[in-house]
Amino acid sequence: MIKSLRIFLWYCWLSPLASANNSFTLSDGWSTTTGTFVGNYTSQIRSFIGLNYEPVSDEETTSTTQVNGETILRRLTLEGTYLADVPLDLPSLFVLELSPGAKILPAKNLTLEGSARFAALVQMNNTVFSSLIGGTIDATSVDVTDPEKGYMAVSITGGSKNAVRNVRAMANNSFSVIGVNESPHAEVSNSIVGGDADTGMLQTRCIWTLVVSNALVHDNRVSYCSMHALDFDAYTSSSVAWNNHCDHNGQEGIFLEESADHCVLFNNTVINNENGISVYSNEVGPVQSNFILNNLIKNNRRNGLSSGGNGKDASRKSFQNIFSMNHVEGNAWDQSDTAWGPAPKAQVNPAHGDVDGDYWTSNVVVGDVRYEDGSELGDADQLAIFEPEIF
């Protein structure tokens with residue numbers, strides 16, 4: 001009897017009035033609501049969430065139409081530094097907000113065995129209407145060289161209508177810093193993603209979408225990743241990237257690749273990367289019906305803007321994409337050959353392999369060698385470049 005009473009009192013101390021409060025703050029591991037110490041590890045935060053927040057019903061996730069901070073969202077604010085010994089999984093209808101200066105870093109005992117492809121320090125896995133806002137998520141200290149065992153900073157997988165906003169995100173030796181997979185209506189915005197002049201190049205992509213529809217990627221600074229800064233990969237569809245600043249990356253500033261379709265790249269600034277914006281189908285395709293509009297593409301080492309496919313089968317091509325109102329200047333300044341082929345000789349290559357029906361109009365290309373010589377021939381079918389003005 002005494003033992004049962006002790007267990008009951010311990011549970012009440014750990015989760016007081018759980019159903020009465022859907023907003024908590026942890027300051028250096030202490031609950032400002034209860035005055036109790038929860039802990040500084042993500043495993044402890046996960047337990048706290050499970051014990052102190054009302055469970056989400058199926059009706060809430062399927063019938064909700066208006067979702068804001070004053071309705072049904074659960075909210076947890078973190079102040080201070082926390083260590084990820086396990087991925088911090090967010091439930092549905094949940095906001096994790098990190099106060100200015102707050103951080104989540106890898107713990108020394110973070111397991112690397114059997115980590116999933118999109119494993120991350122913070123995960124939204126099969127959730128609906130959840131968000132990570134603010135703070136720093138830094139996975140760079142995870143000590144691996146194999147991306148199969150690495151950790152992203154943040155990932156969104158499955159579910160729908162989730163967001164990452166105003167986050168400083170870093171990772172190393174992973175598939176990407178922020179990854180989105182099979183989760184429609186995901187948003188990554190107003191964040192700083194990748195390395196910087198002090199940290200140097202991170203061995204990863206910056207932002208990666210794979211098998212995603214209706215993604216929104218906007219107003220981010222995306223820099224110092226050894227691979228693509230922003231990668232709309234296979235089966236990314238009906239998605240938009242706008243107002244992003246992509247600079248100092250080891251491959252493309254923006255890569256629209258494989259079977260990506262009906263996407264829009266608008267008003268992005270792409271400077272000082274290996275390549276600017278590339279549209280290409282290599283393994284699956286076609287990459288088709290995309291709009292590349294009003295982007296500033298400047299001072300990239302190789303091509304500023306290119307489109308094509310390897311043509312190994314009929315689908316691996318660039319098909320009926322539109323390039324318009326882009327400003328291309330000062331690219332292809334490195335004329336040396338590379339390990340993967342001859343160096344580009346011009347700023348723009350509209351037929352980098354197999355092309356069918358792409359249309360280029362109203363682009364401004366500043367410089368002497370503007371288009372690859374003869375690139376509109378060969379595997380290019382119905383490629384049209386319309387320039388009624390004289391530059």
# chains A, B, ... in the order shown; residues from 1 in each chain; ligands from 1

call {"tool": "closest_atom_pairs", "arguments": {"of": "range 267-302 of chain A", "to": "range 341-350 of chain A", "cutoff": "10 Å", "atoms": "only C-alpha atoms", "output": "Markdown table"}}
result
| residue | atom | partner | partner_atom | distance |
| --- | --- | --- | --- | --- |
| A:Asn275 | CA | A:Gln347 | CA | 9.6 |
| A:Gly276 | CA | A:Gln347 | CA | 9.4 |
| A:Ile277 | CA | A:Val348 | CA | 9.8 |
| A:Ser278 | CA | A:Asn349 | CA | 9.3 |
| A:Val279 | CA | A:Pro350 | CA | 9.4 |
| A:Ile297 | CA | A:Gln347 | CA | 9.6 |
| A:Lys298 | CA | A:Gln347 | CA | 9.4 |
| A:Asn299 | CA | A:Gln347 | CA | 9.5 |
| A:Asn300 | CA | A:Gln347 | CA | 8.8 |
| A:Arg301 | CA | A:Gln347 | CA | 9.3 |
| A:Arg302 | CA | A:Pro344 | CA | 6.0 |

call {"tool": "select_by_dssp", "arguments": {"residues": "range 163-295 of chain A", "states": "strand (DSSP E)", "output": "mmCIF file with C-alpha atoms, in the first residue's frame"}}
result
data_model
loop_
_atom_site.group_PDB
_atom_site.id
_atom_site.type_symbol
_atom_site.label_atom_id
_atom_site.label_comp_id
_atom_site.auth_asym_id
_atom_site.auth_seq_id
_atom_site.Cartn_x
_atom_site.Cartn_y
_atom_site.Cartn_z
ATOM 1 C CA ALA A 163 7.212 23.939 -40.869
ATOM 2 C CA VAL A 164 10.780 24.921 -39.961
ATOM 3 C CA ARG A 165 11.133 28.658 -39.392
ATOM 4 C CA ARG A 168 20.098 28.239 -37.516
ATOM 5 C CA ALA A 169 20.746 24.710 -38.783
ATOM 6 C CA MET A 170 24.040 22.886 -39.325
ATOM 7 C CA SER A 176 21.549 17.105 -45.806
ATOM 8 C CA VAL A 177 21.242 19.703 -43.059
ATOM 9 C CA ILE A 178 17.444 19.878 -43.429
ATOM 10 C CA GLY A 179 15.620 17.074 -45.215
ATOM 11 C CA VAL A 180 12.007 16.720 -46.328
ATOM 12 C CA ASN A 181 10.651 13.376 -47.544
ATOM 13 C CA GLU A 187 7.816 24.698 -45.309
ATOM 14 C CA VAL A 188 11.418 25.754 -44.648
ATOM 15 C CA SER A 189 11.689 29.510 -44.258
ATOM 16 C CA ILE A 192 20.232 30.119 -41.988
ATOM 17 C CA VAL A 193 21.252 26.691 -43.239
ATOM 18 C CA GLY A 194 24.790 25.362 -43.725
ATOM 19 C CA ARG A 205 23.612 19.231 -48.894
ATOM 20 C CA CYS A 206 21.946 22.210 -47.236
ATOM 21 C CA ILE A 207 18.196 21.708 -47.961
ATOM 22 C CA TRP A 208 16.963 18.530 -49.681
ATOM 23 C CA THR A 209 13.443 17.559 -50.778
ATOM 24 C CA LEU A 210 12.727 14.036 -52.040
ATOM 25 C CA VAL A 212 7.529 15.793 -51.904
ATOM 26 C CA SER A 213 4.649 17.859 -53.256
ATOM 27 C CA LEU A 216 7.589 25.943 -49.777
ATOM 28 C CA VAL A 217 11.245 26.950 -49.397
ATOM 29 C CA HIS A 218 11.736 30.672 -49.015
ATOM 30 C CA ARG A 221 20.385 31.900 -46.387
ATOM 31 C CA VAL A 222 21.874 28.654 -47.712
ATOM 32 C CA SER A 223 25.667 28.556 -47.704
ATOM 33 C CA LEU A 230 18.954 23.652 -52.379
ATOM 34 C CA ASP A 231 18.112 20.320 -53.997
ATOM 35 C CA PHE A 232 14.633 19.677 -55.410
ATOM 36 C CA THR A 236 9.486 16.811 -56.001
ATOM 37 C CA SER A 237 6.417 18.380 -57.570
ATOM 38 C CA VAL A 240 8.215 26.684 -54.920
ATOM 39 C CA ALA A 241 11.582 28.138 -53.901
ATOM 40 C CA TRP A 242 11.734 31.921 -53.691
ATOM 41 C CA HIS A 245 20.221 33.428 -51.022
ATOM 42 C CA CYS A 246 22.474 30.537 -52.069
ATOM 43 C CA ASP A 247 26.215 31.212 -51.948
ATOM 44 C CA GLU A 252 24.772 23.772 -57.495
ATOM 45 C CA GLY A 253 23.287 26.765 -55.759
ATOM 46 C CA ILE A 254 19.907 25.294 -56.760
ATOM 47 C CA PHE A 255 19.502 21.870 -58.357
ATOM 48 C CA LEU A 256 16.181 20.941 -59.960
ATOM 49 C CA GLU A 257 16.813 17.323 -60.821
ATOM 50 C CA VAL A 264 8.888 27.256 -59.555
ATOM 51 C CA LEU A 265 12.253 28.864 -58.788
ATOM 52 C CA PHE A 266 11.594 32.577 -58.387
ATOM 53 C CA THR A 269 20.051 35.016 -55.514
ATOM 54 C CA VAL A 270 22.599 32.390 -56.553
ATOM 55 C CA ILE A 271 26.214 33.552 -56.363
ATOM 56 C CA ASN A 275 27.305 26.028 -60.640
ATOM 57 C CA GLY A 276 24.379 28.411 -60.390
ATOM 58 C CA ILE A 277 21.015 26.803 -61.223
ATOM 59 C CA SER A 278 20.996 23.426 -62.973
ATOM 60 C CA VAL A 279 18.046 21.470 -64.351
ATOM 61 C CA TYR A 280 19.049 17.880 -65.102
ATOM 62 C CA SER A 281 17.750 14.300 -65.305
ATOM 63 C CA VAL A 287 12.533 16.882 -65.244
ATOM 64 C CA GLN A 288 9.602 18.742 -66.718
ATOM 65 C CA PHE A 291 9.504 27.540 -64.224
ATOM 66 C CA ILE A 292 12.851 29.233 -63.561
ATOM 67 C CA LEU A 293 11.992 32.922 -63.271
#

call {"tool": "residues_around", "arguments": {"residues": "range 355-370 of chain A", "least_positions_apart": "4", "cutoff": "8 Å", "atoms": "only C-alpha atoms", "output": "count of residues only"}}
result
32

call {"tool": "atom_distance", "arguments": {"atom1": "CA of Ser155 in chain A", "atom2": "CA of Leu121 in chain A"}}
result
8.2 Å

call {"tool": "atom_distance", "arguments": {"atom1": "CA of Pro106 in chain A", "atom2": "CA of Val128 in chain A"}}
result
25.6 Å

call {"tool": "closest_residue", "arguments": {"among": "A:Arg46, A:Lys312, A:Arg75, A:His185", "to": "Val122 in chain A", "atoms": "only C-alpha atoms"}}
result
A:Arg46

call {"tool": "residues_around", "arguments": {"residues": "Gly158 in chain A", "least_positions_apart": "3", "cutoff": "9 Å", "atoms": "only C-alpha atoms", "output": "PyMOL selection string"}}
result
chain A and resi 124-128+180-184

call {"tool": "closest_residue", "arguments": {"among": "A:Ile137, A:Asn267, A:Pro286, A:Asn190", "to": "Ser315 in chain A", "atoms": "only C-alpha atoms"}}
result
A:Pro286

call {"tool": "residues_around", "arguments": {"residues": "Gly101 in chain A", "least_positions_apart": "6", "cutoff": "12 Å", "atoms": "only C-alpha atoms", "output": "list in words"}}
result
Ser27, Asp28, Leu78, Glu79, Gly80, Thr81, Tyr82, Gly134, Gly135, Thr136, Ile137, Val167 and Arg168 of chain A

call {"tool": "write_last_selection", "arguments": {"atoms": "N, CA, C and O atoms", "output": "short mmCIF file (atom, residue, chain, number, x, y, z; two decimals), in the first residue's frame"}}
result
data_model
loop_
_atom_site.label_atom_id
_atom_site.label_comp_id
_atom_site.auth_asym_id
_atom_site.auth_seq_id
_atom_site.Cartn_x
_atom_site.Cartn_y
_atom_site.Cartn_z
N SER A 27 13.61 26.04 -18.82
CA SER A 27 14.75 26.96 -18.76
C SER A 27 15.93 26.21 -18.14
O SER A 27 15.89 25.86 -16.95
N ASP A 28 16.94 25.93 -18.96
CA ASP A 28 18.10 25.14 -18.52
C ASP A 28 17.65 23.84 -17.86
O ASP A 28 18.24 23.39 -16.86
N LEU A 78 11.99 26.23 -25.21
CA LEU A 78 13.25 25.84 -24.59
C LEU A 78 14.15 27.05 -24.44
O LEU A 78 14.34 27.81 -25.40
N GLU A 79 14.71 27.20 -23.27
CA GLU A 79 15.72 28.21 -23.01
C GLU A 79 16.98 27.49 -22.53
O GLU A 79 16.92 26.62 -21.67
N GLY A 80 18.13 27.85 -23.11
CA GLY A 80 19.37 27.19 -22.71
C GLY A 80 19.84 26.19 -23.74
O GLY A 80 19.37 26.16 -24.88
N THR A 81 20.77 25.33 -23.33
CA THR A 81 21.38 24.33 -24.22
C THR A 81 20.94 22.93 -23.81
O THR A 81 20.94 22.59 -22.62
N TYR A 82 20.60 22.13 -24.83
CA TYR A 82 20.12 20.77 -24.61
C TYR A 82 20.92 19.81 -25.48
O TYR A 82 21.40 20.18 -26.56
N GLY A 134 12.91 28.92 -34.38
CA GLY A 134 13.98 29.61 -33.68
C GLY A 134 15.10 28.72 -33.18
O GLY A 134 15.06 27.49 -33.27
N GLY A 135 16.13 29.38 -32.65
CA GLY A 135 17.23 28.68 -32.02
C GLY A 135 18.23 28.08 -33.00
O GLY A 135 18.16 28.29 -34.22
N THR A 136 19.17 27.32 -32.46
CA THR A 136 20.22 26.66 -33.24
C THR A 136 20.13 25.16 -33.06
O THR A 136 20.07 24.67 -31.92
N ILE A 137 20.11 24.45 -34.18
CA ILE A 137 20.19 22.99 -34.17
C ILE A 137 21.49 22.64 -34.88
O ILE A 137 21.60 22.80 -36.11
N VAL A 167 15.37 29.19 -38.01
CA VAL A 167 16.30 28.28 -37.35
C VAL A 167 17.70 28.46 -37.92
O VAL A 167 17.87 28.66 -39.13
N ARG A 168 18.71 28.38 -37.07
CA ARG A 168 20.10 28.24 -37.52
C ARG A 168 20.41 26.76 -37.49
O ARG A 168 20.45 26.14 -36.42
#
